[in-house]
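Dropping protein.csv in here (CSV, C-alpha atoms):
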chain,number,residue,atom,x,y,z
A,1,MET,CA,-96.7,-81.7,2.7
A,2,ALA,CA,-96.5,-80.1,-0.8
A,3,PHE,CA,-98.0,-76.9,0.6
A,4,SER,CA,-95.5,-76.8,3.5
A,5,SER,CA,-92.5,-77.4,1.1
A,6,LEU,CA,-93.8,-74.6,-1.1
A,7,ASN,CA,-94.0,-72.2,1.8
A,8,PHE,CA,-90.5,-73.2,2.9
A,9,PHE,CA,-89.0,-72.5,-0.5
A,10,ARG,CA,-90.9,-69.2,-0.7
A,11,ALA,CA,-89.5,-68.2,2.7
A,12,LEU,CA,-86.0,-69.1,1.6
A,13,LEU,CA,-86.4,-67.0,-1.6
A,14,LEU,CA,-87.6,-64.0,0.4
A,15,LEU,CA,-84.7,-64.4,2.8
A,16,PHE,CA,-82.2,-64.6,-0.1
A,17,LEU,CA,-83.7,-61.4,-1.7
A,18,ALA,CA,-83.6,-59.5,1.6
A,19,THR,CA,-80.1,-60.5,2.3
A,20,SER,CA,-78.9,-59.7,-1.2
A,21,ALA,CA,-80.6,-56.3,-1.1
A,22,PHE,CA,-78.9,-55.5,2.2
A,23,SER,CA,-75.5,-56.7,1.2
A,24,THR,CA,-75.4,-54.7,-2.0
A,25,ARG,CA,-76.9,-51.5,-0.5
A,26,PRO,CA,-73.5,-50.0,0.6
A,27,TYR,CA,-72.3,-50.3,-3.0
A,28,LYS,CA,-75.3,-48.5,-4.4
A,29,GLU,CA,-75.2,-45.7,-1.8
A,30,GLY,CA,-71.5,-45.3,-1.6
A,31,LEU,CA,-69.4,-45.4,1.5
A,32,THR,CA,-71.0,-45.9,4.9
A,33,PRO,CA,-69.7,-46.3,8.5
A,34,HIS,CA,-71.8,-49.4,8.9
A,35,PHE,CA,-70.3,-51.4,6.0
A,36,TYR,CA,-68.9,-54.2,8.1
A,37,ASP,CA,-71.4,-54.1,11.0
A,38,TYR,CA,-73.1,-57.3,10.1
A,39,ALA,CA,-70.5,-59.1,8.0
A,40,CYS,CA,-67.7,-58.7,10.5
A,41,PRO,CA,-68.4,-56.5,13.6
A,42,GLN,CA,-65.0,-57.6,14.9
A,43,ALA,CA,-63.1,-55.8,12.1
A,44,LEU,CA,-62.9,-52.3,13.6
A,45,PRO,CA,-61.9,-53.4,17.1
A,46,ALA,CA,-59.2,-55.6,15.6
A,47,VAL,CA,-57.7,-52.5,13.8
A,48,GLN,CA,-57.9,-50.5,16.9
A,49,ARG,CA,-56.0,-53.1,19.0
A,50,ILE,CA,-53.1,-53.2,16.6
A,51,VAL,CA,-52.9,-49.4,16.2
A,52,GLU,CA,-53.0,-48.8,19.9
A,53,ALA,CA,-50.3,-51.4,20.5
A,54,ALA,CA,-48.1,-49.9,17.7
A,55,VAL,CA,-48.5,-46.4,19.0
A,56,GLN,CA,-47.8,-47.5,22.5
A,57,GLN,CA,-44.6,-49.1,21.4
A,58,GLU,CA,-43.5,-46.1,19.3
A,59,ARG,CA,-45.5,-42.8,19.5
A,60,ARG,CA,-44.2,-41.6,16.2
A,61,MET,CA,-46.0,-44.5,14.4
A,62,GLY,CA,-49.4,-42.7,14.9
A,63,ALA,CA,-48.3,-39.8,12.6
A,64,SER,CA,-46.8,-42.3,10.1
A,65,LEU,CA,-50.1,-44.2,9.8
A,66,LEU,CA,-52.0,-40.9,9.4
A,67,ARG,CA,-49.6,-39.8,6.7
A,68,LEU,CA,-50.0,-43.1,4.8
A,69,HIS,CA,-53.8,-42.4,4.4
A,70,PHE,CA,-53.2,-38.8,3.4
A,71,HIS,CA,-50.6,-39.7,0.7
A,72,ASP,CA,-52.8,-42.5,-0.5
A,73,CYS,CA,-55.9,-40.4,-1.0
A,74,PHE,CA,-54.0,-37.6,-2.9
A,75,VAL,CA,-52.9,-40.1,-5.6
A,76,ASN,CA,-55.9,-41.2,-7.7
A,77,GLY,CA,-58.1,-41.5,-4.6
A,78,CYS,CA,-58.2,-43.5,-1.4
A,79,ASP,CA,-57.5,-47.0,-2.9
A,80,ALA,CA,-54.4,-48.3,-1.0
A,81,SER,CA,-52.2,-47.8,-4.1
A,82,ILE,CA,-49.5,-46.5,-1.8
A,83,LEU,CA,-49.1,-50.0,-0.3
A,84,LEU,CA,-48.2,-51.7,-3.5
A,85,ASP,CA,-44.6,-52.9,-3.7
A,86,PRO,CA,-42.6,-52.4,-7.0
A,87,SER,CA,-43.0,-55.1,-9.6
A,88,PRO,CA,-42.7,-55.4,-13.4
A,89,THR,CA,-46.3,-54.1,-13.6
A,90,ILE,CA,-46.4,-51.7,-10.6
A,91,ASP,CA,-44.6,-48.4,-10.7
A,92,SER,CA,-44.7,-48.2,-6.9
A,93,GLU,CA,-45.6,-44.9,-5.2
A,94,LYS,CA,-43.3,-46.0,-2.4
A,95,LEU,CA,-40.4,-44.8,-4.7
A,96,ALA,CA,-41.9,-41.4,-5.3
A,97,PHE,CA,-40.1,-38.5,-3.8
A,98,PRO,CA,-42.6,-37.7,-1.1
A,99,ASN,CA,-42.5,-41.4,0.1
A,100,ASN,CA,-39.1,-42.8,-0.7
A,101,ASN,CA,-37.1,-43.3,2.6
A,102,SER,CA,-39.9,-41.4,4.3
A,103,ALA,CA,-43.2,-43.2,4.3
A,104,ARG,CA,-43.4,-45.8,7.0
A,105,GLY,CA,-45.8,-48.0,8.9
A,106,PHE,CA,-46.2,-50.7,6.2
A,107,GLU,CA,-45.4,-53.5,8.6
A,108,VAL,CA,-48.2,-52.3,10.9
A,109,ILE,CA,-50.7,-52.3,8.1
A,110,ASP,CA,-49.6,-55.9,7.2
A,111,GLN,CA,-50.2,-56.8,10.9
A,112,ILE,CA,-53.6,-55.2,10.9
A,113,LYS,CA,-54.6,-57.0,7.7
A,114,ALA,CA,-53.6,-60.4,9.1
A,115,GLU,CA,-55.4,-59.7,12.3
A,116,VAL,CA,-58.6,-58.5,10.6
A,117,ASP,CA,-58.7,-61.4,8.1
A,118,LYS,CA,-58.3,-63.8,11.1
A,119,ALA,CA,-61.1,-62.0,13.0
A,120,CYS,CA,-63.5,-62.0,10.0
A,121,GLY,CA,-62.6,-65.5,8.8
A,122,TYR,CA,-61.6,-64.4,5.3
A,123,SER,CA,-60.3,-61.4,3.4
A,124,LEU,CA,-63.3,-59.1,3.7
A,125,VAL,CA,-61.9,-55.7,4.7
A,126,SER,CA,-60.0,-53.8,2.0
A,127,CYS,CA,-56.5,-52.4,2.6
A,128,ALA,CA,-57.9,-48.9,1.6
A,129,ASP,CA,-60.4,-49.2,4.5
A,130,ILE,CA,-57.7,-50.3,6.9
A,131,LEU,CA,-55.7,-47.2,6.0
A,132,ALA,CA,-58.7,-45.0,6.8
A,133,ILE,CA,-59.5,-46.7,10.1
A,134,ALA,CA,-55.9,-46.8,11.2
A,135,ALA,CA,-55.6,-43.0,10.5
A,136,ARG,CA,-58.5,-42.3,12.8
A,137,ASP,CA,-57.4,-44.7,15.5
A,138,SER,CA,-53.9,-43.2,15.4
A,139,VAL,CA,-55.2,-39.7,16.0
A,140,VAL,CA,-57.3,-40.9,18.9
A,141,ALA,CA,-54.4,-42.9,20.4
A,142,LEU,CA,-52.4,-39.6,20.4
A,143,GLY,CA,-55.2,-37.7,22.2
A,144,GLY,CA,-57.0,-36.3,19.2
A,145,PRO,CA,-60.6,-36.3,18.0
A,146,SER,CA,-62.5,-39.2,16.7
A,147,TRP,CA,-65.0,-39.5,13.8
A,148,GLU,CA,-67.1,-42.0,12.0
A,149,VAL,CA,-64.9,-43.5,9.2
A,150,GLN,CA,-66.8,-44.1,6.0
A,151,LEU,CA,-66.2,-47.6,4.8
A,152,GLY,CA,-66.7,-49.8,1.7
A,153,ARG,CA,-63.7,-48.8,-0.4
A,154,ARG,CA,-62.0,-51.4,-2.6
A,155,ASP,CA,-58.3,-51.7,-3.5
A,156,SER,CA,-56.7,-50.6,-6.7
A,157,THR,CA,-54.8,-52.8,-9.0
A,158,ARG,CA,-52.3,-50.2,-10.1
A,159,ALA,CA,-50.1,-47.4,-8.7
A,160,SER,CA,-48.6,-44.2,-10.1
A,161,ARG,CA,-45.3,-42.9,-9.0
A,162,THR,CA,-45.6,-40.0,-11.4
A,163,THR,CA,-48.9,-38.9,-9.9
A,164,ALA,CA,-47.5,-39.2,-6.4
A,165,ASN,CA,-44.7,-36.9,-7.4
A,166,THR,CA,-47.0,-34.3,-8.8
A,167,ASP,CA,-50.2,-34.5,-6.6
A,168,ILE,CA,-48.9,-34.9,-3.1
A,169,PRO,CA,-48.3,-31.5,-1.5
A,170,ALA,CA,-44.6,-30.7,-1.3
A,171,PRO,CA,-42.9,-29.1,1.8
A,172,ASN,CA,-41.6,-26.2,-0.3
A,173,MET,CA,-45.0,-25.1,-1.7
A,174,ASP,CA,-46.3,-21.6,-1.2
A,175,LEU,CA,-49.9,-20.8,-0.4
A,176,PRO,CA,-51.3,-20.5,-4.0
A,177,SER,CA,-49.7,-23.9,-4.9
A,178,LEU,CA,-51.1,-25.5,-1.7
A,179,ILE,CA,-54.6,-24.1,-2.4
A,180,SER,CA,-54.4,-25.4,-6.0
A,181,THR,CA,-53.2,-28.8,-5.0
A,182,PHE,CA,-56.0,-29.3,-2.5
A,183,GLN,CA,-58.6,-27.9,-4.9
A,184,LYS,CA,-57.6,-30.6,-7.4
A,185,GLN,CA,-58.8,-33.1,-4.9
A,186,GLY,CA,-62.1,-31.3,-4.3
A,187,LEU,CA,-60.8,-29.9,-1.0
A,188,ASP,CA,-61.2,-26.2,-0.1
A,189,THR,CA,-59.1,-23.7,1.9
A,190,ARG,CA,-60.6,-24.7,5.2
A,191,ASP,CA,-59.8,-28.3,4.5
A,192,LEU,CA,-56.2,-27.3,3.6
A,193,VAL,CA,-55.6,-25.5,6.9
A,194,ALA,CA,-57.4,-28.2,9.0
A,195,LEU,CA,-55.6,-31.1,7.4
A,196,SER,CA,-52.3,-29.3,7.6
A,197,GLY,CA,-53.0,-29.4,11.3
A,198,ALA,CA,-52.0,-33.1,11.1
A,199,HIS,CA,-48.5,-31.7,11.5
A,200,THR,CA,-49.3,-31.3,15.2
A,201,ILE,CA,-47.9,-34.8,15.4
A,202,GLY,CA,-44.8,-36.4,13.9
A,203,PHE,CA,-41.4,-35.4,12.6
A,204,ALA,CA,-39.7,-34.3,9.4
A,205,GLN,CA,-36.3,-35.0,8.0
A,206,CYS,CA,-33.6,-32.4,7.7
A,207,ARG,CA,-33.6,-32.7,3.9
A,208,VAL,CA,-37.2,-31.3,3.7
A,209,PHE,CA,-36.7,-28.3,6.1
A,210,ARG,CA,-33.1,-27.4,5.4
A,211,ASN,CA,-33.9,-24.8,2.7
A,212,ARG,CA,-36.4,-23.0,5.0
A,213,THR,CA,-33.9,-23.1,7.9
A,214,TYR,CA,-31.2,-21.3,6.0
A,215,ASN,CA,-33.0,-19.2,3.4
A,216,ASP,CA,-36.5,-18.2,4.5
A,217,ALA,CA,-37.0,-14.7,5.9
A,218,ASN,CA,-40.3,-15.5,7.8
A,219,ILE,CA,-38.7,-17.7,10.4
A,220,ALA,CA,-37.9,-16.8,14.0
A,221,ALA,CA,-34.2,-16.4,14.4
A,222,GLU,CA,-33.9,-18.5,17.6
A,223,PHE,CA,-35.9,-21.2,16.1
A,224,ALA,CA,-33.8,-21.2,12.9
A,225,GLY,CA,-30.7,-21.4,15.1
A,226,SER,CA,-32.0,-24.5,16.9
A,227,LEU,CA,-32.8,-26.2,13.7
A,228,ARG,CA,-29.4,-25.5,12.2
A,229,SER,CA,-27.8,-27.3,15.2
A,230,LEU,CA,-29.3,-30.6,14.0
A,231,CYS,CA,-29.5,-29.8,10.3
A,232,PRO,CA,-26.2,-28.6,8.8
A,233,ARG,CA,-26.0,-27.2,5.3
A,234,THR,CA,-24.8,-30.5,4.0
A,235,GLY,CA,-25.2,-34.0,5.3
A,236,GLU,CA,-27.3,-35.4,8.1
A,237,ASP,CA,-30.3,-35.5,5.7
A,238,SER,CA,-32.3,-38.0,7.8
A,239,ASN,CA,-32.0,-36.1,11.1
A,240,LEU,CA,-35.4,-35.5,12.6
A,241,ALA,CA,-37.1,-32.5,14.1
A,242,GLY,CA,-40.6,-32.4,15.6
A,243,LEU,CA,-43.3,-30.7,13.4
A,244,ASP,CA,-44.4,-28.9,16.5
A,245,PRO,CA,-43.2,-28.8,20.2
A,246,SER,CA,-45.3,-31.8,21.2
A,247,PRO,CA,-45.0,-34.2,18.2
A,248,ALA,CA,-46.5,-37.1,20.1
A,249,GLN,CA,-49.6,-35.3,21.2
A,250,PHE,CA,-52.5,-34.2,19.0
A,251,ASP,CA,-53.1,-30.6,20.1
A,252,ALA,CA,-53.2,-27.1,18.6
A,253,LEU,CA,-49.6,-26.1,19.2
A,254,TYR,CA,-48.9,-26.4,15.5
A,255,PHE,CA,-50.9,-23.3,14.9
A,256,HIS,CA,-49.4,-21.5,17.9
A,257,ASN,CA,-46.0,-22.1,16.2
A,258,LEU,CA,-47.2,-20.6,13.0
A,259,LEU,CA,-48.2,-17.4,14.7
A,260,ALA,CA,-44.6,-17.2,16.1
A,261,GLN,CA,-43.0,-17.9,12.7
A,262,LYS,CA,-41.9,-21.3,14.0
A,263,GLY,CA,-43.5,-23.5,11.3
A,264,LEU,CA,-41.0,-26.3,10.5
A,265,LEU,CA,-41.7,-26.6,6.8
A,266,HIS,CA,-42.0,-23.8,4.3
A,267,SER,CA,-45.5,-25.1,3.4
A,268,ASP,CA,-46.5,-24.9,7.1
A,269,GLN,CA,-45.5,-21.2,7.5
A,270,ALA,CA,-47.1,-20.4,4.2
A,271,LEU,CA,-50.5,-20.8,6.0
A,272,TYR,CA,-49.6,-17.7,8.1
A,273,SER,CA,-47.7,-15.3,6.0
A,274,GLY,CA,-50.2,-12.5,5.2
A,275,GLY,CA,-52.5,-14.6,3.0
A,276,SER,CA,-56.1,-15.7,2.9
A,277,THR,CA,-55.6,-18.4,5.5
A,278,ASP,CA,-54.2,-16.2,8.3
A,279,GLU,CA,-57.5,-15.8,10.1
A,280,LEU,CA,-58.3,-19.5,10.2
A,281,VAL,CA,-54.8,-20.2,11.6
A,282,LYS,CA,-55.6,-17.7,14.4
A,283,THR,CA,-59.0,-19.3,15.0
A,284,TYR,CA,-57.5,-22.8,15.4
A,285,SER,CA,-54.7,-21.4,17.6
A,286,ASP,CA,-57.2,-19.9,20.0
A,287,ASP,CA,-59.8,-22.6,19.8
A,288,ALA,CA,-58.5,-26.2,19.7
A,289,GLU,CA,-62.1,-27.6,19.7
A,290,ALA,CA,-62.8,-25.7,16.5
A,291,PHE,CA,-59.7,-27.2,15.0
A,292,TRP,CA,-60.7,-30.7,16.1
A,293,ASP,CA,-64.2,-30.4,14.7
A,294,ASP,CA,-62.9,-29.2,11.3
A,295,PHE,CA,-60.1,-31.7,11.2
A,296,ALA,CA,-62.6,-34.6,11.7
A,297,LYS,CA,-64.9,-33.2,9.0
A,298,SER,CA,-62.0,-32.7,6.6
A,299,MET,CA,-60.7,-36.2,7.2
A,300,ILE,CA,-64.1,-37.7,6.3
A,301,LYS,CA,-64.1,-35.5,3.2
A,302,MET,CA,-60.6,-36.5,2.2
A,303,GLY,CA,-61.5,-40.1,2.7
A,304,ASN,CA,-64.2,-39.8,0.1
A,305,ILE,CA,-61.8,-38.9,-2.7
A,306,LYS,CA,-62.6,-41.1,-5.7
A,307,PRO,CA,-63.1,-44.4,-3.8
A,308,LEU,CA,-63.4,-47.7,-5.7
A,309,ILE,CA,-66.7,-49.3,-4.8
A,310,GLY,CA,-69.0,-52.1,-6.0
A,311,ASN,CA,-67.2,-54.3,-8.5
A,312,GLN,CA,-64.3,-51.8,-9.0
A,313,GLY,CA,-60.8,-52.9,-8.0
A,314,GLN,CA,-60.5,-55.8,-5.7
A,315,ILE,CA,-60.1,-56.8,-2.0
A,316,ARG,CA,-56.4,-57.6,-1.8
A,317,LEU,CA,-55.3,-60.7,0.0
A,318,ASN,CA,-51.9,-59.1,0.6
A,319,CYS,CA,-51.9,-55.3,0.9
A,320,ARG,CA,-48.5,-55.1,-0.9
A,321,LYS,CA,-49.5,-56.8,-4.1
A,322,VAL,CA,-52.3,-57.3,-6.5
A,323,ASN,CA,-54.2,-60.6,-6.3
What do you get writing this file as structure tokens?
Amino acid sequence: MAFSSLNFFRALLLLFLATSAFSTRPYKEGLTPHFYDYACPQALPAVQRIVEAAVQQERRMGASLLRLHFHDCFVNGCDASILLDPSPTIDSEKLAFPNNNSARGFEVIDQIKAEVDKACGYSLVSCADILAIAARDSVVALGGPSWEVQLGRRDSTRASRTTANTDIPAPNMDLPSLISTFQKQGLDTRDLVALSGAHTIGFAQCRVFRNRTYNDANIAAEFAGSLRSLCPRTGEDSNLAGLDPSPAQFDALYFHNLLAQKGLLHSDQALYSGGSTDELVKTYSDDAEAFWDDFAKSMIKMGNIKPLIGNQGQIRLNCRKVN
């Protein structure tokens, strides 16, 4: 009996060590697409269900969810800081110029978080990972490419409106400024052009393309005229225009538009204005598959910007506030 009990406890010890080694492996190795495979295989399908329902209800939501992940990663890394509401200790990025009265989809993220926590039985999946998965699922829901999302991020306990104002690419940037802004995040020129292709979906407000419409020289006259009809010189700041002719379909028409001097934003047309990115714009315009492949690679690369892992940060119970 003593021998059997000893063997039993030895077996338990070996099982504990094996389980501990496996559960901590993602933290040691960094992000992995398999982070939740054993702890909660229901997590990713739960995200997908909510995203697909949200996009079906409002096609524009796909672009909004993708944009949340982008704006999150460019501010101190992909840590869900963009989701934090203002508080006495949080200088919310929601109030930064690129996000204020512009960033949207927060209610969908809340819904995803509740559904995933319910599926997993507890708060296992970080809000930062939810943003990354929702971005991928949004692109797929709008007919675009898929990719393996790297997972294992944790959530920040702080936000920075100041950094959001300085580090998120602005719609009035020229090419050197765009290249510099992306290089600051460890992203190269190919990443810049590929990720800018996210503007093949979604809309922009009059206030961010007004100056281009009335003052830029490298804009097709007919296109400028059509924009002026919905974006007067003053007022109507929130009127929307599609970022390309098919704003609810992930395709390559964004790059076709640039060749015709029909980029909606100054920063869009900057990619095709006689600079170093012209050839890549032509490539993506001619070869949508090349664009899709590079976009997927660049999304993975962007998702790896300074993630919090291991014991860093926390797993928020509510994506809008620190635990």
Inset, instruction - Using CA of Asp129 in chain A and CA of Arg154 in chain A as the two end points, give the distance in Å to one decimal. - result: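 Pair CA of Asp129 in chain A / CA of Arg154 in chain A returns 7.6 Å.
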Inset, instruction - Tell me which protein, DNA and RNA residues are within 7 Å of range 316-319 of chain A, counting only C-alpha atoms, leaving out same-chain ones fewer than 4 positions away, and put them as a PyMOL selection string. - result: chain A and resi 83-84+110+123+126-127+155+323
Legend entry - Distance criterion (all atoms listed in the file): nearest to Gln111 in chain A out of A:Leu131, A:Val139, A:Ala296, A:Ile50: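 Among the listed residues, the smallest separation from Gln111 in chain A belongs to A:Ile50.
Coordinates place CA of Arg161 in chain A at a distance of 8.8 Å from CA of Val75 in chain A.
Distance-wise, CA of Asp293 in chain A and CA of Ala220 in chain A end up 29.6 Å apart.
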Inset, instruction - Tell me which protein, DNA and RNA residues are within 7 Å of range 164-167 of chain A, counting all atoms listed in the file, leaving out same-chain ones fewer than 5 positions away, and put them as a VMD selection string. - result: chain A and resid 74 to 75 93 96 to 98 181
Legend entry - Of the listed residues A:Ala54, A:Ile168, A:Val140, A:Ala260, that which approaches Val108 in chain A most closely, counting all atoms listed in the file: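 For Val108 in chain A, the nearest of the given residues is A:Ala54.
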Show me, as a PDB file with C-alpha atoms, keeping the file's coordinate frame, the residues that have an atom within 10 Å of Thr277 in chain A when counting only C-alpha atoms, minus same-chain residues fewer than 2 positions from it.
ATOM      1  CA  LEU A 175     -49.900 -20.800  -0.400  1.00  0.00           C
ATOM      2  CA  ILE A 179     -54.600 -24.100  -2.400  1.00  0.00           C
ATOM      3  CA  THR A 189     -59.100 -23.700   1.900  1.00  0.00           C
ATOM      4  CA  ARG A 190     -60.600 -24.700   5.200  1.00  0.00           C
ATOM      5  CA  LEU A 192     -56.200 -27.300   3.600  1.00  0.00           C
ATOM      6  CA  VAL A 193     -55.600 -25.500   6.900  1.00  0.00           C
ATOM      7  CA  ALA A 270     -47.100 -20.400   4.200  1.00  0.00           C
ATOM      8  CA  LEU A 271     -50.500 -20.800   6.000  1.00  0.00           C
ATOM      9  CA  TYR A 272     -49.600 -17.700   8.100  1.00  0.00           C
ATOM     10  CA  SER A 273     -47.700 -15.300   6.000  1.00  0.00           C
ATOM     11  CA  GLY A 274     -50.200 -12.500   5.200  1.00  0.00           C
ATOM     12  CA  GLY A 275     -52.500 -14.600   3.000  1.00  0.00           C
ATOM     13  CA  GLU A 279     -57.500 -15.800  10.100  1.00  0.00           C
ATOM     14  CA  LEU A 280     -58.300 -19.500  10.200  1.00  0.00           C
ATOM     15  CA  VAL A 281     -54.800 -20.200  11.600  1.00  0.00           C
ATOM     16  CA  LYS A 282     -55.600 -17.700  14.400  1.00  0.00           C
TER      17      LYS A 282
END
Legend entry - Within 10 Å of range 304-314 of chain A using all atoms listed in the file, minus same-chain residues under 5 positions, as a PyMOL selection string: chain A and resi 24-31+72-80+126-129+149-158+185-187+298-299+322-323
Inset, instruction - Pick out the closest residue to Ala198 in chain A from this set: A:Asp278, A:Asp268, A:Asp85, A:Asp237. Count all atoms listed in the file. - result: A:Asp268
Legend entry - Residue nearest His256 in chain A among A:Phe70, A:Phe291, A:Trp147, A:Tyr284 (counting only C-alpha atoms):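 That would be A:Tyr284, the residue with the smallest distance to His256 in chain A.
In this comparison, which uses all atoms listed in the file, the residue of A:Ala135, A:Ala221, A:Leu227, A:Met61 approaching Glu107 in chain A most closely is A:Met61.
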Legend entry - Pick from A:His266, A:Ala248, A:Ser238, A:Ser177 nearest to Gln56 in chain A, counting only C-alpha atoms: A:Ala248
Would you please take range 249-260 of chain A of the structure in the block above and write N, CA and C atoms to a file as a compact mmCIF listing (two decimals), in the first residue's frame?
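And here's decode-v4.txt as it stands now:
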# COMPACT_ATOMS: atom_id res chain seq x y z
N GLN A 249 -15.92 46.16 -48.95
CA GLN A 249 -15.33 44.97 -49.57
C GLN A 249 -13.82 45.09 -49.53
N PHE A 250 -13.15 44.09 -48.96
CA PHE A 250 -11.69 44.12 -48.87
C PHE A 250 -11.11 43.67 -50.21
N ASP A 251 -10.69 44.64 -51.01
CA ASP A 251 -10.15 44.37 -52.34
C ASP A 251 -8.92 45.24 -52.57
N ALA A 252 -8.55 45.44 -53.83
CA ALA A 252 -7.36 46.26 -54.13
C ALA A 252 -7.72 47.57 -54.82
N LEU A 253 -8.99 47.97 -54.78
CA LEU A 253 -9.39 49.20 -55.45
C LEU A 253 -8.75 50.44 -54.83
N TYR A 254 -8.39 50.35 -53.57
CA TYR A 254 -7.67 51.46 -52.92
C TYR A 254 -6.45 51.86 -53.74
N PHE A 255 -5.69 50.87 -54.20
CA PHE A 255 -4.46 51.15 -54.95
C PHE A 255 -4.77 51.63 -56.37
N HIS A 256 -5.84 51.10 -56.96
CA HIS A 256 -6.29 51.62 -58.26
C HIS A 256 -6.59 53.12 -58.13
N ASN A 257 -7.24 53.50 -57.06
CA ASN A 257 -7.58 54.90 -56.83
C ASN A 257 -6.35 55.78 -56.76
N LEU A 258 -5.31 55.28 -56.09
CA LEU A 258 -4.10 56.08 -55.96
C LEU A 258 -3.47 56.36 -57.32
N LEU A 259 -3.48 55.36 -58.21
CA LEU A 259 -2.92 55.56 -59.55
C LEU A 259 -3.69 56.63 -60.32
N ALA A 260 -4.98 56.78 -60.00
CA ALA A 260 -5.82 57.77 -60.68
C ALA A 260 -5.91 59.09 -59.91
